[in-house]
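Novice: Let me begin by handing over the structure; questions about it come next.
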Amino acid sequence: MATVRSAAQGILADDNTETREQIIEMLKKAYWMEIETVMSYITNSINPDGVRAQEIVESLQQDVQEELGHAQQFAQRIKELYGVVPGSLEFSAEQSYLQPPEEQTDIVHVIKGVIEAETGAIEHYTRVIEETEGIDPVTQDMVIAILHDEQGHRRLFEGFLREYEALGLA
Ligand SMILES: [Fe+2]
């Protein structure tokens with residue numbers, strides 16, 4: 001009779017169940033961060049008004065797809081580690097700083113909110129990379145690539161903010 005052989009070593013081994021569950025919890029948090037970022041970037045790529053908003057709006061429109069791709073990668077990795085991707089009722093929002101501003105021409109509010117969201121992602125993903133060191137190189141590799149994307153986003157929006165500061169608008 002054929003039996004399913006469980007992995008003898010590595011992150012999928014029975015002996016590593018506890019470690020695997022810790023990693024899954026971190027991946028769930030990352031998944032929800034990406035999902036909330038998708039929501040926030042949709043709203044902030046549509047709400048802003050004015051000539052100055054166009055660059056920001058177009059950038060966020062592209063980022064929506066990229067962040068959605070990140071969410072899908074985190075979800076896939078949760079499954080690969082024998083976890084279950086959580087349902088929507090487990091979601092709780094945290095991005096107070098990316099709520100619509102009072103005035104839809106207040107693009108500095110959006111830029112600062114994006115920087116804060118990216119900073120939060122960078123902090124969490126850096127922790128995941130540290131926690132998976134020598135334990136789960138596949139998750140670590142995936143998160144390194146995602147971290148690279150988030151650093152790129154933050155740098156882009158820091159550049160936008162500098163321009164607004166130079167114009168005396170921030
Ligand atoms: Fe992301």
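FYI, nothing fancy with the structure tokens labels: chains A, B, ... in order, residues from 1 per chain, ligands from 1 as they appear.
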Kindly compile the residues surrounding ligand 1 within 8 Å, counting only C-alpha atoms and all ligand atoms, and format them as a PyMOL selection string.
Specialist: chain A and resi 33-34+37+66-71+118+121+146-147+149-150
Novice: Which of these residues is nearest to Arg20 of chain A, using only C-alpha atoms: A:Gly113, A:Gly120, A:Gly50, A:Gly83?
Specialist: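 Among A:Gly113, A:Gly120, A:Gly50, A:Gly83, it is A:Gly83 that comes nearest to Arg20 of chain A.
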Novice: At a cut-off of 7 Å, using only C-alpha atoms, what residues contact segment 157-166 of chain A? Leave out same-chain residues fewer than 4 positions from it and give the result as a list in words.
Specialist: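 That gives Ile111, Ile115, His153 and Ala170 of chain A.
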Novice: Since we have the selection now, will you write its residues out, keeping C-alpha atoms, as a compact mmCIF listing (two decimals), in the first residue's frame?
Specialist:
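Wrote again.txt, looks like this:
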# COMPACT_ATOMS: atom_id res chain seq x y z
CA ILE A 111 2.43 60.35 -0.39
CA ILE A 115 5.65 55.87 2.69
CA HIS A 153 8.19 51.85 -3.85
CA ALA A 170 4.89 69.63 2.19
Novice: Of the candidates A:Asp106, A:Asp49, A:Glu80, A:Glu55, which one gets nearest to Leu27 of chain A if we count only C-alpha atoms?
Specialist: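 Using only C-alpha atoms, the shortest distance to Leu27 of chain A belongs to A:Glu80.
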Novice: Which residue gives the smallest distance to Asn47 of chain A among A:Leu98, A:Thr17, A:Arg5, A:Trp32, with only C-alpha atoms counted?
Specialist: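 Result for the nearest residue to Asn47 of chain A: A:Leu98.
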Novice: Taking 4 positions as the minimum chain separation for residues in the same chain, which residues sit within 9 Å of Ile46 of chain A when counting only C-alpha atoms? Answer as a ChimeraX atom specification.
Specialist: /A:41-42,57,61
Novice: Can I get the selected residues back with all heavy atoms, as a PDB file, in the first residue's frame?
Specialist:
ATOM      1  N   TYR A  41      -4.477  51.423  -1.972  1.00  0.00           N
ATOM      2  CA  TYR A  41      -3.920  51.970  -3.216  1.00  0.00           C
ATOM      3  C   TYR A  41      -5.005  52.126  -4.292  1.00  0.00           C
ATOM      4  O   TYR A  41      -4.923  53.029  -5.113  1.00  0.00           O
ATOM      5  CB  TYR A  41      -2.759  51.105  -3.729  1.00  0.00           C
ATOM      6  CG  TYR A  41      -1.467  51.252  -2.914  1.00  0.00           C
ATOM      7  CD1 TYR A  41      -1.435  51.980  -1.727  1.00  0.00           C
ATOM      8  CD2 TYR A  41      -0.297  50.665  -3.345  1.00  0.00           C
ATOM      9  CE1 TYR A  41      -0.262  52.099  -0.986  1.00  0.00           C
ATOM     10  CE2 TYR A  41       0.889  50.783  -2.611  1.00  0.00           C
ATOM     11  CZ  TYR A  41       0.897  51.496  -1.436  1.00  0.00           C
ATOM     12  OH  TYR A  41       2.065  51.614  -0.714  1.00  0.00           O
ATOM     13  N   ILE A  42      -6.010  51.278  -4.255  1.00  0.00           N
ATOM     14  CA  ILE A  42      -7.136  51.498  -5.184  1.00  0.00           C
ATOM     15  C   ILE A  42      -7.795  52.850  -4.857  1.00  0.00           C
ATOM     16  O   ILE A  42      -7.967  53.694  -5.737  1.00  0.00           O
ATOM     17  CB  ILE A  42      -8.181  50.361  -5.112  1.00  0.00           C
ATOM     18  CG1 ILE A  42      -7.625  49.078  -5.739  1.00  0.00           C
ATOM     19  CG2 ILE A  42      -9.474  50.775  -5.841  1.00  0.00           C
ATOM     20  CD1 ILE A  42      -8.527  47.859  -5.557  1.00  0.00           C
ATOM     21  N   VAL A  57      -1.191  59.118  -8.940  1.00  0.00           N
ATOM     22  CA  VAL A  57      -2.315  58.246  -9.288  1.00  0.00           C
ATOM     23  C   VAL A  57      -1.855  57.116 -10.217  1.00  0.00           C
ATOM     24  O   VAL A  57      -2.174  55.944 -10.011  1.00  0.00           O
ATOM     25  CB  VAL A  57      -3.421  59.100  -9.959  1.00  0.00           C
ATOM     26  CG1 VAL A  57      -4.359  58.261 -10.791  1.00  0.00           C
ATOM     27  CG2 VAL A  57      -4.176  59.903  -8.904  1.00  0.00           C
ATOM     28  N   GLN A  61      -1.747  53.121  -9.388  1.00  0.00           N
ATOM     29  CA  GLN A  61      -2.517  52.175 -10.216  1.00  0.00           C
ATOM     30  C   GLN A  61      -1.674  50.947 -10.553  1.00  0.00           C
ATOM     31  O   GLN A  61      -2.148  49.819 -10.493  1.00  0.00           O
ATOM     32  CB  GLN A  61      -2.978  52.848 -11.519  1.00  0.00           C
ATOM     33  CG  GLN A  61      -4.256  53.648 -11.360  1.00  0.00           C
ATOM     34  CD  GLN A  61      -4.561  54.495 -12.588  1.00  0.00           C
ATOM     35  OE1 GLN A  61      -3.812  54.478 -13.569  1.00  0.00           O
ATOM     36  NE2 GLN A  61      -5.644  55.246 -12.524  1.00  0.00           N
TER      37      GLN A  61
END
Novice: Just to confirm, what's the straight-line distance from atom CA of Ile122 of chain A to atom CA of Tyr31 of chain A in Å (one decimal)?
Specialist: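 Separation of atom CA of Ile122 of chain A and atom CA of Tyr31 of chain A: 13.4 Å.
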Novice: For a test of reading the model, state the distance in Å between atom CA of Val38 of chain A and atom CA of Val64 of chain A, rounded to one decimal.
Specialist: 5.2 Å
Novice: Assign secondary structure with DSSP using the backbone only, and return the residues of segment 30-162 of chain A in helix (DSSP H, G or I) as number ranges by chain.
Specialist: A: 30-44, 53-80, 88-90, 96-98, 107-131, 137-162
Novice: Can you tell me how far atom CA of Ile78 of chain A sits from atom CA of Lys29 of chain A, in Å to one decimal?
Specialist: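 If I compute the distance from atom CA of Ile78 of chain A to atom CA of Lys29 of chain A, I get 10.8 Å.
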